[in-house]
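A.B. asks: The following file, protein30.pdb, comprises PDB, C-alpha atoms (C1' of nucleotides):
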ATOM      1  CA  MET A1065     128.431  57.498  35.205  1.00  0.00           C
ATOM      2  CA  HIS A1066     125.293  56.671  37.013  1.00  0.00           C
ATOM      3  CA  PHE A1067     124.989  56.799  40.749  1.00  0.00           C
ATOM      4  CA  THR A1068     125.626  53.128  41.251  1.00  0.00           C
ATOM      5  CA  GLU A1069     128.652  53.210  39.044  1.00  0.00           C
ATOM      6  CA  LEU A1070     130.157  56.021  41.034  1.00  0.00           C
ATOM      7  CA  ILE A1071     129.645  54.055  44.201  1.00  0.00           C
ATOM      8  CA  ASN A1072     131.234  50.992  42.708  1.00  0.00           C
ATOM      9  CA  ALA A1073     134.163  52.964  41.430  1.00  0.00           C
ATOM     10  CA  ILE A1074     134.791  54.135  44.970  1.00  0.00           C
ATOM     11  CA  LYS A1075     134.315  50.741  46.540  1.00  0.00           C
ATOM     12  CA  GLU A1076     136.524  48.983  44.067  1.00  0.00           C
ATOM     13  CA  ARG A1077     139.231  51.531  44.396  1.00  0.00           C
ATOM     14  CA  ARG A1078     139.078  51.306  48.169  1.00  0.00           C
ATOM     15  CA  ASN A1079     139.346  47.541  48.018  1.00  0.00           C
ATOM     16  CA  ALA A1080     142.181  47.724  45.566  1.00  0.00           C
ATOM     17  CA  LEU A1081     144.018  49.892  48.042  1.00  0.00           C
ATOM     18  CA  GLN A1082     143.121  47.585  50.895  1.00  0.00           C
ATOM     19  CA  VAL A1083     141.710  50.394  52.942  1.00  0.00           C
ATOM     20  CA  THR A1084     138.806  50.000  55.336  1.00  0.00           C
ATOM     21  CA  GLN A1085     135.864  52.361  55.475  1.00  0.00           C
ATOM     22  CA  GLU A1086     137.095  53.450  58.854  1.00  0.00           C
ATOM     23  CA  THR A1087     140.528  54.377  57.598  1.00  0.00           C
ATOM     24  CA  LEU A1088     139.168  56.090  54.554  1.00  0.00           C
ATOM     25  CA  ALA A1089     136.803  58.066  56.722  1.00  0.00           C
ATOM     26  CA  GLU A1090     139.653  59.224  58.898  1.00  0.00           C
ATOM     27  CA  LEU A1091     141.941  60.066  56.037  1.00  0.00           C
ATOM     28  CA  SER A1092     139.322  61.951  54.108  1.00  0.00           C
ATOM     29  CA  GLY A1093     137.819  63.785  57.027  1.00  0.00           C
ATOM     30  CA  VAL A1094     134.399  62.444  56.172  1.00  0.00           C
ATOM     31  CA  GLY A1095     132.335  60.902  58.914  1.00  0.00           C
ATOM     32  CA  LEU A1096     132.334  57.134  59.019  1.00  0.00           C
ATOM     33  CA  ARG A1097     128.564  57.077  59.068  1.00  0.00           C
ATOM     34  CA  THR A1098     128.456  59.221  55.979  1.00  0.00           C
ATOM     35  CA  LEU A1099     130.855  57.012  54.124  1.00  0.00           C
ATOM     36  CA  LYS A1100     128.970  53.890  55.107  1.00  0.00           C
ATOM     37  CA  GLN A1101     125.722  55.345  53.897  1.00  0.00           C
ATOM     38  CA  PHE A1102     127.233  56.372  50.644  1.00  0.00           C
ATOM     39  CA  GLU A1103     128.855  53.023  49.935  1.00  0.00           C
ATOM     40  CA  SER A1104     125.735  51.140  50.791  1.00  0.00           C
ATOM     41  CA  GLY A1105     123.826  53.203  48.274  1.00  0.00           C
ATOM     42  CA  LYS A1106     121.724  55.051  50.793  1.00  0.00           C
ATOM     43  CA  GLY A1107     123.187  58.465  50.327  1.00  0.00           C
ATOM     44  CA  ASN A1108     123.221  61.516  48.200  1.00  0.00           C
ATOM     45  CA  PRO A1109     126.533  63.079  49.122  1.00  0.00           C
ATOM     46  CA  THR A1110     127.394  66.665  48.486  1.00  0.00           C
ATOM     47  CA  LEU A1111     130.019  67.391  45.923  1.00  0.00           C
ATOM     48  CA  LYS A1112     132.510  68.322  48.604  1.00  0.00           C
ATOM     49  CA  THR A1113     132.029  65.062  50.427  1.00  0.00           C
ATOM     50  CA  LEU A1114     132.503  63.122  47.250  1.00  0.00           C
ATOM     51  CA  GLN A1115     135.617  65.046  46.408  1.00  0.00           C
ATOM     52  CA  LYS A1116     137.142  64.472  49.809  1.00  0.00           C
ATOM     53  CA  ILE A1117     136.668  60.752  49.439  1.00  0.00           C
ATOM     54  CA  ALA A1118     137.840  60.609  45.853  1.00  0.00           C
ATOM     55  CA  ASP A1119     140.870  62.674  46.668  1.00  0.00           C
ATOM     56  CA  VAL A1120     142.200  60.296  49.268  1.00  0.00           C
ATOM     57  CA  LEU A1121     141.704  57.433  46.852  1.00  0.00           C
ATOM     58  CA  GLY A1122     143.729  59.213  44.226  1.00  0.00           C
ATOM     59  CA  MET A1123     140.680  59.823  42.126  1.00  0.00           C
ATOM     60  CA  GLU A1124     138.901  62.898  40.950  1.00  0.00           C
ATOM     61  CA  VAL A1125     135.471  64.049  39.947  1.00  0.00           C
ATOM     62  CA  ASN A1126     135.103  65.020  36.322  1.00  0.00           C
ATOM     63  CA  LEU A1127     132.429  66.553  34.191  1.00  0.00           C
ATOM     64  CA  LYS A1128     132.602  65.766  30.548  1.00  0.00           C
ATOM     65  CA  LEU A1129     130.465  65.707  27.506  1.00  0.00           C
ATOM     66  CA  LYS A1130     128.676  62.458  27.061  1.00  0.00           C
ATOM     67  CA  THR A1131     129.874  60.369  24.212  1.00  0.00           C
ATOM     68  CA  VAL A1132     127.986  61.794  21.330  1.00  0.00           C
ATOM     69  CA  THR A1133     124.878  59.842  20.615  1.00  0.00           C
ATOM     70  CA  ARG A1134     124.858  60.717  16.978  1.00  0.00           C
ATOM     71  CA  ASN A1135     125.704  57.227  15.833  1.00  0.00           C
ATOM     72  CA  LYS A1136     125.738  55.174  18.932  1.00  0.00           C
TER      73      LYS A1136
ATOM     74  CA  MET B1098     138.594  68.732  38.497  1.00  0.00           C
ATOM     75  CA  HIS B1099     138.442  71.216  41.266  1.00  0.00           C
ATOM     76  CA  PHE B1100     135.251  72.844  42.382  1.00  0.00           C
ATOM     77  CA  THR B1101     135.775  75.954  40.331  1.00  0.00           C
ATOM     78  CA  GLU B1102     136.560  73.972  37.247  1.00  0.00           C
ATOM     79  CA  LEU B1103     133.362  72.010  37.572  1.00  0.00           C
ATOM     80  CA  ILE B1104     131.420  75.227  37.825  1.00  0.00           C
ATOM     81  CA  ASN B1105     133.129  76.637  34.794  1.00  0.00           C
ATOM     82  CA  ALA B1106     132.538  73.505  32.814  1.00  0.00           C
ATOM     83  CA  ILE B1107     128.837  73.881  33.515  1.00  0.00           C
ATOM     84  CA  LYS B1108     128.740  77.580  32.784  1.00  0.00           C
ATOM     85  CA  GLU B1109     130.663  77.271  29.583  1.00  0.00           C
ATOM     86  CA  ARG B1110     128.554  74.433  28.378  1.00  0.00           C
ATOM     87  CA  ARG B1111     125.398  76.338  29.210  1.00  0.00           C
ATOM     88  CA  ASN B1112     126.652  79.346  27.326  1.00  0.00           C
ATOM     89  CA  ALA B1113     127.683  77.237  24.389  1.00  0.00           C
ATOM     90  CA  LEU B1114     124.155  75.920  24.223  1.00  0.00           C
ATOM     91  CA  GLN B1115     122.746  79.424  24.595  1.00  0.00           C
ATOM     92  CA  VAL B1116     120.583  78.416  27.497  1.00  0.00           C
ATOM     93  CA  THR B1117     119.685  80.709  30.367  1.00  0.00           C
ATOM     94  CA  GLN B1118     119.876  79.675  34.008  1.00  0.00           C
ATOM     95  CA  GLU B1119     116.133  79.885  34.097  1.00  0.00           C
ATOM     96  CA  THR B1120     115.664  77.481  31.224  1.00  0.00           C
ATOM     97  CA  LEU B1121     118.271  75.099  32.529  1.00  0.00           C
ATOM     98  CA  ALA B1122     116.598  75.130  35.902  1.00  0.00           C
ATOM     99  CA  GLU B1123     113.288  74.244  34.375  1.00  0.00           C
ATOM    100  CA  LEU B1124     114.661  71.557  32.124  1.00  0.00           C
ATOM    101  CA  SER B1125     116.687  69.909  34.839  1.00  0.00           C
ATOM    102  CA  GLY B1126     114.115  70.141  37.562  1.00  0.00           C
ATOM    103  CA  VAL B1127     116.553  71.955  39.790  1.00  0.00           C
ATOM    104  CA  GLY B1128     115.424  75.117  41.493  1.00  0.00           C
ATOM    105  CA  LEU B1129     116.541  78.344  39.887  1.00  0.00           C
ATOM    106  CA  ARG B1130     117.853  79.554  43.208  1.00  0.00           C
ATOM    107  CA  THR B1131     119.938  76.428  43.577  1.00  0.00           C
ATOM    108  CA  LEU B1132     121.392  76.738  40.127  1.00  0.00           C
ATOM    109  CA  LYS B1133     122.231  80.385  40.629  1.00  0.00           C
ATOM    110  CA  GLN B1134     123.992  79.637  43.868  1.00  0.00           C
ATOM    111  CA  PHE B1135     125.952  76.865  42.302  1.00  0.00           C
ATOM    112  CA  GLU B1136     127.067  78.852  39.285  1.00  0.00           C
ATOM    113  CA  SER B1137     128.065  81.792  41.392  1.00  0.00           C
ATOM    114  CA  GLY B1138     130.289  79.542  43.440  1.00  0.00           C
ATOM    115  CA  LYS B1139     128.268  79.718  46.615  1.00  0.00           C
ATOM    116  CA  GLY B1140     127.008  76.214  46.647  1.00  0.00           C
ATOM    117  CA  ASN B1141     127.870  72.682  47.495  1.00  0.00           C
ATOM    118  CA  PRO B1142     125.350  70.741  45.479  1.00  0.00           C
ATOM    119  CA  THR B1143     124.439  67.182  46.161  1.00  0.00           C
ATOM    120  CA  LEU B1144     125.495  64.621  43.650  1.00  0.00           C
ATOM    121  CA  LYS B1145     121.950  64.237  42.422  1.00  0.00           C
ATOM    122  CA  THR B1146     121.575  67.937  41.801  1.00  0.00           C
ATOM    123  CA  LEU B1147     124.818  68.030  39.893  1.00  0.00           C
ATOM    124  CA  GLN B1148     123.787  65.058  37.820  1.00  0.00           C
ATOM    125  CA  LYS B1149     120.442  66.564  36.946  1.00  0.00           C
ATOM    126  CA  ILE B1150     122.138  69.675  35.661  1.00  0.00           C
ATOM    127  CA  ALA B1151     124.888  67.856  33.833  1.00  0.00           C
ATOM    128  CA  ASP B1152     122.410  65.531  32.248  1.00  0.00           C
ATOM    129  CA  VAL B1153     120.406  68.273  30.588  1.00  0.00           C
ATOM    130  CA  LEU B1154     123.615  69.762  29.270  1.00  0.00           C
ATOM    131  CA  GLY B1155     124.593  66.488  27.712  1.00  0.00           C
ATOM    132  CA  MET B1156     127.349  65.994  30.230  1.00  0.00           C
ATOM    133  CA  GLU B1157     128.033  63.438  32.865  1.00  0.00           C
ATOM    134  CA  VAL B1158     129.803  63.117  36.171  1.00  0.00           C
ATOM    135  CA  ASN B1159     132.801  60.837  36.172  1.00  0.00           C
ATOM    136  CA  LEU B1160     135.171  59.467  38.747  1.00  0.00           C
ATOM    137  CA  LYS B1161     138.570  58.491  37.499  1.00  0.00           C
ATOM    138  CA  LEU B1162     142.032  57.904  38.720  1.00  0.00           C
ATOM    139  CA  LYS B1163     144.102  61.013  38.828  1.00  0.00           C
ATOM    140  CA  THR B1164     147.015  61.171  36.514  1.00  0.00           C
ATOM    141  CA  VAL B1165     149.514  59.332  38.563  1.00  0.00           C
ATOM    142  CA  THR B1166     151.058  61.450  41.245  1.00  0.00           C
ATOM    143  CA  ARG B1167     153.820  59.087  42.134  1.00  0.00           C
ATOM    144  CA  ASN B1168     156.576  61.542  41.334  1.00  0.00           C
ATOM    145  CA  LYS B1169     154.938  64.881  41.431  1.00  0.00           C
TER     146      LYS B1169
ATOM    147  C1'  DC C 296     132.151  26.584  65.274  1.00  0.00           C
ATOM    148  C1'  DT C 297     134.378  30.865  67.475  1.00  0.00           C
ATOM    149  C1'  DG C 298     136.235  35.224  67.655  1.00  0.00           C
ATOM    150  C1'  DT C 299     137.274  39.364  65.343  1.00  0.00           C
ATOM    151  C1'  DA C 300     137.257  42.849  62.053  1.00  0.00           C
ATOM    152  C1'  DA C 301     134.745  45.176  58.633  1.00  0.00           C
ATOM    153  C1'  DA C 302     130.425  46.593  56.894  1.00  0.00           C
ATOM    154  C1'  DG C 303     125.671  47.966  57.484  1.00  0.00           C
ATOM    155  C1'  DT C 304     121.569  50.049  60.254  1.00  0.00           C
ATOM    156  C1'  DG C 305     118.494  52.671  63.806  1.00  0.00           C
ATOM    157  C1'  DC C 306     118.072  56.825  66.273  1.00  0.00           C
ATOM    158  C1'  DA C 307     118.764  61.663  67.310  1.00  0.00           C
ATOM    159  C1'  DT C 308     120.963  66.155  66.567  1.00  0.00           C
ATOM    160  C1'  DT C 309     122.848  69.825  63.882  1.00  0.00           C
ATOM    161  C1'  DG C 310     123.988  72.075  59.846  1.00  0.00           C
ATOM    162  C1'  DT C 311     123.068  73.237  55.368  1.00  0.00           C
ATOM    163  C1'  DA C 312     121.271  72.304  50.506  1.00  0.00           C
ATOM    164  C1'  DT C 313     116.973  73.133  48.159  1.00  0.00           C
ATOM    165  C1'  DA C 314     113.639  76.221  46.815  1.00  0.00           C
ATOM    166  C1'  DG C 315     110.438  80.212  46.156  1.00  0.00           C
ATOM    167  C1'  DC C 316     109.817  85.173  46.338  1.00  0.00           C
ATOM    168  C1'  DT C 317     111.521  89.675  45.891  1.00  0.00           C
ATOM    169  C1'  DC C 318     114.996  93.000  44.964  1.00  0.00           C
ATOM    170  C1'  DT C 319     119.570  94.546  43.153  1.00  0.00           C
ATOM    171  C1'  DT C 320     123.286  94.331  39.947  1.00  0.00           C
ATOM    172  C1'  DT C 321     125.255  93.274  35.619  1.00  0.00           C
ATOM    173  C1'  DT C 322     125.141  92.809  30.738  1.00  0.00           C
ATOM    174  C1'  DC C 323     123.454  93.475  26.477  1.00  0.00           C
ATOM    175  C1'  DT C 324     121.162  95.850  22.383  1.00  0.00           C
ATOM    176  C1'  DG C 325     119.228  99.706  20.049  1.00  0.00           C
TER     177       DG C 325
ATOM    178  C1'  DC D1385     121.884 106.704  27.753  1.00  0.00           C
ATOM    179  C1'  DA D1386     117.404 103.784  28.253  1.00  0.00           C
ATOM    180  C1'  DG D1387     115.132  99.516  28.678  1.00  0.00           C
ATOM    181  C1'  DA D1388     115.111  94.648  29.052  1.00  0.00           C
ATOM    182  C1'  DA D1389     116.950  90.286  30.000  1.00  0.00           C
ATOM    183  C1'  DA D1390     119.946  87.523  32.622  1.00  0.00           C
ATOM    184  C1'  DA D1391     122.557  86.821  36.681  1.00  0.00           C
ATOM    185  C1'  DG D1392     123.295  87.439  41.624  1.00  0.00           C
ATOM    186  C1'  DA D1393     121.750  88.106  46.522  1.00  0.00           C
ATOM    187  C1'  DG D1394     118.749  88.616  51.049  1.00  0.00           C
ATOM    188  C1'  DC D1395     115.231  86.385  53.683  1.00  0.00           C
ATOM    189  C1'  DT D1396     112.766  82.293  55.032  1.00  0.00           C
ATOM    190  C1'  DA D1397     110.872  77.530  55.424  1.00  0.00           C
ATOM    191  C1'  DT D1398     111.553  72.750  54.801  1.00  0.00           C
ATOM    192  C1'  DA D1399     113.897  68.645  53.731  1.00  0.00           C
ATOM    193  C1'  DC D1400     117.647  66.034  54.183  1.00  0.00           C
ATOM    194  C1'  DA D1401     122.986  65.387  54.342  1.00  0.00           C
ATOM    195  C1'  DA D1402     126.529  64.888  57.857  1.00  0.00           C
ATOM    196  C1'  DT D1403     127.737  63.037  62.121  1.00  0.00           C
ATOM    197  C1'  DG D1404     128.273  60.311  66.470  1.00  0.00           C
ATOM    198  C1'  DC D1405     126.939  56.386  69.176  1.00  0.00           C
ATOM    199  C1'  DA D1406     125.387  51.909  69.896  1.00  0.00           C
ATOM    200  C1'  DC D1407     123.846  47.651  67.958  1.00  0.00           C
ATOM    201  C1'  DT D1408     123.359  43.983  64.190  1.00  0.00           C
ATOM    202  C1'  DT D1409     124.957  41.498  60.313  1.00  0.00           C
ATOM    203  C1'  DT D1410     128.439  39.709  57.284  1.00  0.00           C
ATOM    204  C1'  DA D1411     133.015  37.922  56.130  1.00  0.00           C
ATOM    205  C1'  DC D1412     136.901  35.503  57.267  1.00  0.00           C
ATOM    206  C1'  DA D1413     140.927  33.392  59.774  1.00  0.00           C
ATOM    207  C1'  DG D1414     142.070  29.737  62.863  1.00  0.00           C
TER     208       DG D1414
END
Take the structure in the file and write it out as C-alpha cells.
C.D. replies:
Amino acid sequence: MHFTELINAIKERRNALQVTQETLAELSGVGLRTLKQFESGKGNPTLKTLQKIADVLGMEVNLKLKTVTRNK
Amino acid sequence: MHFTELINAIKERRNALQVTQETLAELSGVGLRTLKQFESGKGNPTLKTLQKIADVLGMEVNLKLKTVTRNK
DNA sequence: CTGTAAAGTGCATTGTATAGCTCTTTTCTG
DNA sequence: CAGAAAAGAGCTATACAATGCACTTTACAG
C-alpha cells in the first residue's frame, strides 16, 4: 500500500465508523493536529502514531511480501 | 502486527535474502544507524523509513481490519 | 442564506527520528 | 582459540514529527 492508500484506508474507516478527527484523536491519544496533518496528506507519521490510530479504528499495520511479480 | 512482530518480519526477511544491514541500508537509502536501531528494537521509524526498507525487501506495509474482535 | 460542526492551515515549541563516526559486542568460520 | 564480519551502542548535529492554539475553509442542516 502506498502512502495515499494508507491515508485513504484510515479516512474511509473513520467515516464508516462515523467518528470525527477530534474524537479519533482523543481516543487514540494522538494529537488532533497530528491526525489532521496525516489525513490531509501532509505528514510522515511514526510507526507508533500510525498504530495508535489504526488500533482505535480496529485496524492493524501489517508487513507482508508483495504479491509475487513473477507473472503479474 | 505488533511492533516486535514487524521488526521480526523485517529481520527474517533480510536473513532469508542473505542481506546484511549494511547492504540493506545502502539499497534502501536509509541510514545504517537508523536501520540498526530499528532492528534492535530501539526505534520508532517514520512510515516513509519503514516503507523504504520494506520495499527493498520485496515487502509492503498494509493496513487492514483486525480479525473481528466482537466476541473476544 | 445562516449557523454550526468538521476539516484544514499557519506559527511556534519541544521532543525525537535520522544519520555519520567510532567503538564494543556478538557470531561465525577455519 | 584467532580473526573477520556483522550487529549493537555512545556521542553529536540536524531535520522534522508531534503538539497546542488560533484562524480559515468546507460541508451541511434548517
A.B. asks: Can you superpose chain B onto chain A by least squares over all C-alpha atoms paired in order and give the moved copy as a PDB file with C-alpha atoms, in the frame of the given file?
C.D. replies:
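Final output, saved to superposed39.pdb:
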ATOM      1  CA  MET B1098     129.040  57.235  35.009  1.00  0.00           C
ATOM      2  CA  HIS B1099     125.838  56.378  36.705  1.00  0.00           C
ATOM      3  CA  PHE B1100     125.379  56.561  40.424  1.00  0.00           C
ATOM      4  CA  THR B1101     126.041  52.900  40.983  1.00  0.00           C
ATOM      5  CA  GLU B1102     129.154  52.988  38.896  1.00  0.00           C
ATOM      6  CA  LEU B1103     130.543  55.852  40.909  1.00  0.00           C
ATOM      7  CA  ILE B1104     129.934  53.913  44.079  1.00  0.00           C
ATOM      8  CA  ASN B1105     131.617  50.863  42.679  1.00  0.00           C
ATOM      9  CA  ALA B1106     134.568  52.850  41.487  1.00  0.00           C
ATOM     10  CA  ILE B1107     135.044  54.080  45.036  1.00  0.00           C
ATOM     11  CA  LYS B1108     134.549  50.695  46.624  1.00  0.00           C
ATOM     12  CA  GLU B1109     136.860  48.945  44.250  1.00  0.00           C
ATOM     13  CA  ARG B1110     139.529  51.526  44.658  1.00  0.00           C
ATOM     14  CA  ARG B1111     139.222  51.344  48.420  1.00  0.00           C
ATOM     15  CA  ASN B1112     139.527  47.594  48.318  1.00  0.00           C
ATOM     16  CA  ALA B1113     142.470  47.768  45.984  1.00  0.00           C
ATOM     17  CA  LEU B1114     144.198  49.993  48.488  1.00  0.00           C
ATOM     18  CA  GLN B1115     143.217  47.683  51.335  1.00  0.00           C
ATOM     19  CA  VAL B1116     141.670  50.493  53.291  1.00  0.00           C
ATOM     20  CA  THR B1117     138.685  50.091  55.577  1.00  0.00           C
ATOM     21  CA  GLN B1118     135.714  52.444  55.571  1.00  0.00           C
ATOM     22  CA  GLU B1119     136.801  53.568  58.980  1.00  0.00           C
ATOM     23  CA  THR B1120     140.274  54.522  57.849  1.00  0.00           C
ATOM     24  CA  LEU B1121     139.013  56.199  54.723  1.00  0.00           C
ATOM     25  CA  ALA B1122     136.556  58.172  56.784  1.00  0.00           C
ATOM     26  CA  GLU B1123     139.285  59.383  59.055  1.00  0.00           C
ATOM     27  CA  LEU B1124     141.689  60.219  56.281  1.00  0.00           C
ATOM     28  CA  SER B1125     139.133  62.075  54.229  1.00  0.00           C
ATOM     29  CA  GLY B1126     137.485  63.906  57.061  1.00  0.00           C
ATOM     30  CA  VAL B1127     134.124  62.508  56.086  1.00  0.00           C
ATOM     31  CA  GLY B1128     131.976  60.958  58.761  1.00  0.00           C
ATOM     32  CA  LEU B1129     132.010  57.188  58.923  1.00  0.00           C
ATOM     33  CA  ARG B1130     128.240  57.142  58.860  1.00  0.00           C
ATOM     34  CA  THR B1131     128.220  59.222  55.709  1.00  0.00           C
ATOM     35  CA  LEU B1132     130.709  57.003  53.978  1.00  0.00           C
ATOM     36  CA  LYS B1133     128.827  53.871  54.927  1.00  0.00           C
ATOM     37  CA  GLN B1134     125.605  55.284  53.594  1.00  0.00           C
ATOM     38  CA  PHE B1135     127.234  56.285  50.381  1.00  0.00           C
ATOM     39  CA  GLU B1136     128.916  52.957  49.760  1.00  0.00           C
ATOM     40  CA  SER B1137     125.779  51.047  50.530  1.00  0.00           C
ATOM     41  CA  GLY B1138     123.942  53.059  47.926  1.00  0.00           C
ATOM     42  CA  LYS B1139     121.729  54.943  50.323  1.00  0.00           C
ATOM     43  CA  GLY B1140     123.230  58.324  49.899  1.00  0.00           C
ATOM     44  CA  ASN B1141     123.316  61.361  47.729  1.00  0.00           C
ATOM     45  CA  PRO B1142     126.556  62.983  48.757  1.00  0.00           C
ATOM     46  CA  THR B1143     127.382  66.569  48.110  1.00  0.00           C
ATOM     47  CA  LEU B1144     130.081  67.296  45.627  1.00  0.00           C
ATOM     48  CA  LYS B1145     132.463  68.291  48.377  1.00  0.00           C
ATOM     49  CA  THR B1146     131.961  65.045  50.230  1.00  0.00           C
ATOM     50  CA  LEU B1147     132.560  63.062  47.087  1.00  0.00           C
ATOM     51  CA  GLN B1148     135.688  65.024  46.339  1.00  0.00           C
ATOM     52  CA  LYS B1149     137.087  64.515  49.803  1.00  0.00           C
ATOM     53  CA  ILE B1150     136.681  60.784  49.458  1.00  0.00           C
ATOM     54  CA  ALA B1151     137.979  60.607  45.923  1.00  0.00           C
ATOM     55  CA  ASP B1152     140.944  62.720  46.817  1.00  0.00           C
ATOM     56  CA  VAL B1153     142.207  60.387  49.510  1.00  0.00           C
ATOM     57  CA  LEU B1154     141.849  57.494  47.111  1.00  0.00           C
ATOM     58  CA  GLY B1155     143.953  59.251  44.545  1.00  0.00           C
ATOM     59  CA  MET B1156     140.964  59.808  42.323  1.00  0.00           C
ATOM     60  CA  GLU B1157     139.210  62.845  41.042  1.00  0.00           C
ATOM     61  CA  VAL B1158     135.790  63.925  39.900  1.00  0.00           C
ATOM     62  CA  ASN B1159     135.527  64.829  36.253  1.00  0.00           C
ATOM     63  CA  LEU B1160     132.893  66.277  33.996  1.00  0.00           C
ATOM     64  CA  LYS B1161     133.193  65.420  30.358  1.00  0.00           C
ATOM     65  CA  LEU B1162     131.155  65.265  27.253  1.00  0.00           C
ATOM     66  CA  LYS B1163     129.388  62.002  26.813  1.00  0.00           C
ATOM     67  CA  THR B1164     130.435  59.903  23.921  1.00  0.00           C
ATOM     68  CA  VAL B1165     128.376  61.477  21.255  1.00  0.00           C
ATOM     69  CA  THR B1166     124.809  60.319  21.279  1.00  0.00           C
ATOM     70  CA  ARG B1167     123.861  61.750  17.955  1.00  0.00           C
ATOM     71  CA  ASN B1168     122.883  58.419  16.468  1.00  0.00           C
ATOM     72  CA  LYS B1169     122.274  56.208  19.398  1.00  0.00           C
TER      73      LYS B1169
END
A.B. asks: Residues near C:DT321, anyone? I mean within 9 Å using only C-alpha atoms (C1' of nucleotides), not counting same-chain ones fewer than 4 positions away, as a ChimeraX atom specification.
C.D. replies: /D:1390-1392
A.B. asks: Take the PyMOL selection byres ((chain C) within 12 of (chain A)), apply it to the structure above, and return the hits as a PDB file with C-alpha atoms (C1' of nucleotides), in the frame of the given file.
C.D. replies:
ATOM      1  C1'  DA C 300     137.257  42.849  62.053  1.00  0.00           C
ATOM      2  C1'  DA C 301     134.745  45.176  58.633  1.00  0.00           C
ATOM      3  C1'  DA C 302     130.425  46.593  56.894  1.00  0.00           C
ATOM      4  C1'  DG C 303     125.671  47.966  57.484  1.00  0.00           C
ATOM      5  C1'  DT C 304     121.569  50.049  60.254  1.00  0.00           C
ATOM      6  C1'  DG C 305     118.494  52.671  63.806  1.00  0.00           C
ATOM      7  C1'  DT C 311     123.068  73.237  55.368  1.00  0.00           C
ATOM      8  C1'  DA C 312     121.271  72.304  50.506  1.00  0.00           C
TER       9       DA C 312
END
A.B. asks: Nearest to chain D among A:Asn1108, A:Lys1075, A:Leu1091, A:Met1065, with distances taken over all atoms listed in the file: which residue is it?
C.D. replies: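 Of A:Asn1108, A:Lys1075, A:Leu1091, A:Met1065, the one nearest chain D, counting all atoms listed in the file, is A:Asn1108.
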A.B. asks: For the file shown, what are the residues hit by the PyMOL selection byres ((chain D) within 12 of (chain A)), laid out as a PyMOL selection string?
C.D. replies: chain D and resi 1400-1405
A.B. asks: Grab the residues selected above and save them as a PDB file, keeping the file's coordinate frame with C-alpha atoms (C1' of nucleotides).
C.D. replies:
ATOM      1  C1'  DC D1400     117.647  66.034  54.183  1.00  0.00           C
ATOM      2  C1'  DA D1401     122.986  65.387  54.342  1.00  0.00           C
ATOM      3  C1'  DA D1402     126.529  64.888  57.857  1.00  0.00           C
ATOM      4  C1'  DT D1403     127.737  63.037  62.121  1.00  0.00           C
ATOM      5  C1'  DG D1404     128.273  60.311  66.470  1.00  0.00           C
ATOM      6  C1'  DC D1405     126.939  56.386  69.176  1.00  0.00           C
TER       7       DC D1405
END
A.B. asks: Kindly provide, as a ChimeraX atom specification, the residues of chain A having any atom no farther than 7 Å from an atom of chain B, counting all atoms listed in the file.
C.D. replies: /A:1065,1070,1108-1112,1122-1130
A.B. asks: At what distance in Å, to one decimal, does atom C1' of C:DG310 lie from atom CA of A:Ala1089?
C.D. replies: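 Atom CA of A:Ala1089 sits 19.2 Å away from atom C1' of C:DG310.
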A.B. asks: Would you work out the distance separating atom CA of B:Ile1150 from atom CA of A:Arg1078, expressed in Å to one decimal?
C.D. replies: 27.9 Å
A.B. asks: Interatomic distance between atom C1' of D:DA1386 and atom C1' of C:DT322?
C.D. replies: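 Computing the Euclidean distance for atom C1' of D:DA1386 and atom C1' of C:DT322 yields 13.7 Å.
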A.B. asks: Do you know which residues are at most 12 Å from D:DA1413 counting only C-alpha atoms (C1' of nucleotides), after dropping those on the same chain fewer than 5 positions away, and could you put them as a list of chain:residue names?
C.D. replies: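 Selected residues are C:DT297, C:DG298, C:DT299, C:DA300.
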A.B. asks: What would the file look like if the residues just selected were written as a short mmCIF file (atom, residue, chain, number, x, y, z; two decimals), in the coordinates of the input with C-alpha atoms (C1' of nucleotides)?
C.D. replies:
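Below you can see again.cif, which holds the result:
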data_model
loop_
_atom_site.label_atom_id
_atom_site.label_comp_id
_atom_site.auth_asym_id
_atom_site.auth_seq_id
_atom_site.Cartn_x
_atom_site.Cartn_y
_atom_site.Cartn_z
"C1'" DT C 297 134.38 30.86 67.47
"C1'" DG C 298 136.24 35.22 67.66
"C1'" DT C 299 137.27 39.36 65.34
"C1'" DA C 300 137.26 42.85 62.05
#
A.B. asks: So what does the PyMOL selection byres ((chain C and resi 319) around 8) actually pick up in this one, as a list in words?
C.D. replies: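 That selection, the PyMOL selection byres ((chain C and resi 319) around 8), comes back as DC318 and DT320 of chain C; DA1393 of chain D.
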A.B. asks: Have a look at A:Gln1082, A:Gly1093, A:Lys1106, A:Val1120 and name the one nearest to A:Thr1068; count only C-alpha atoms.
C.D. replies: A:Lys1106
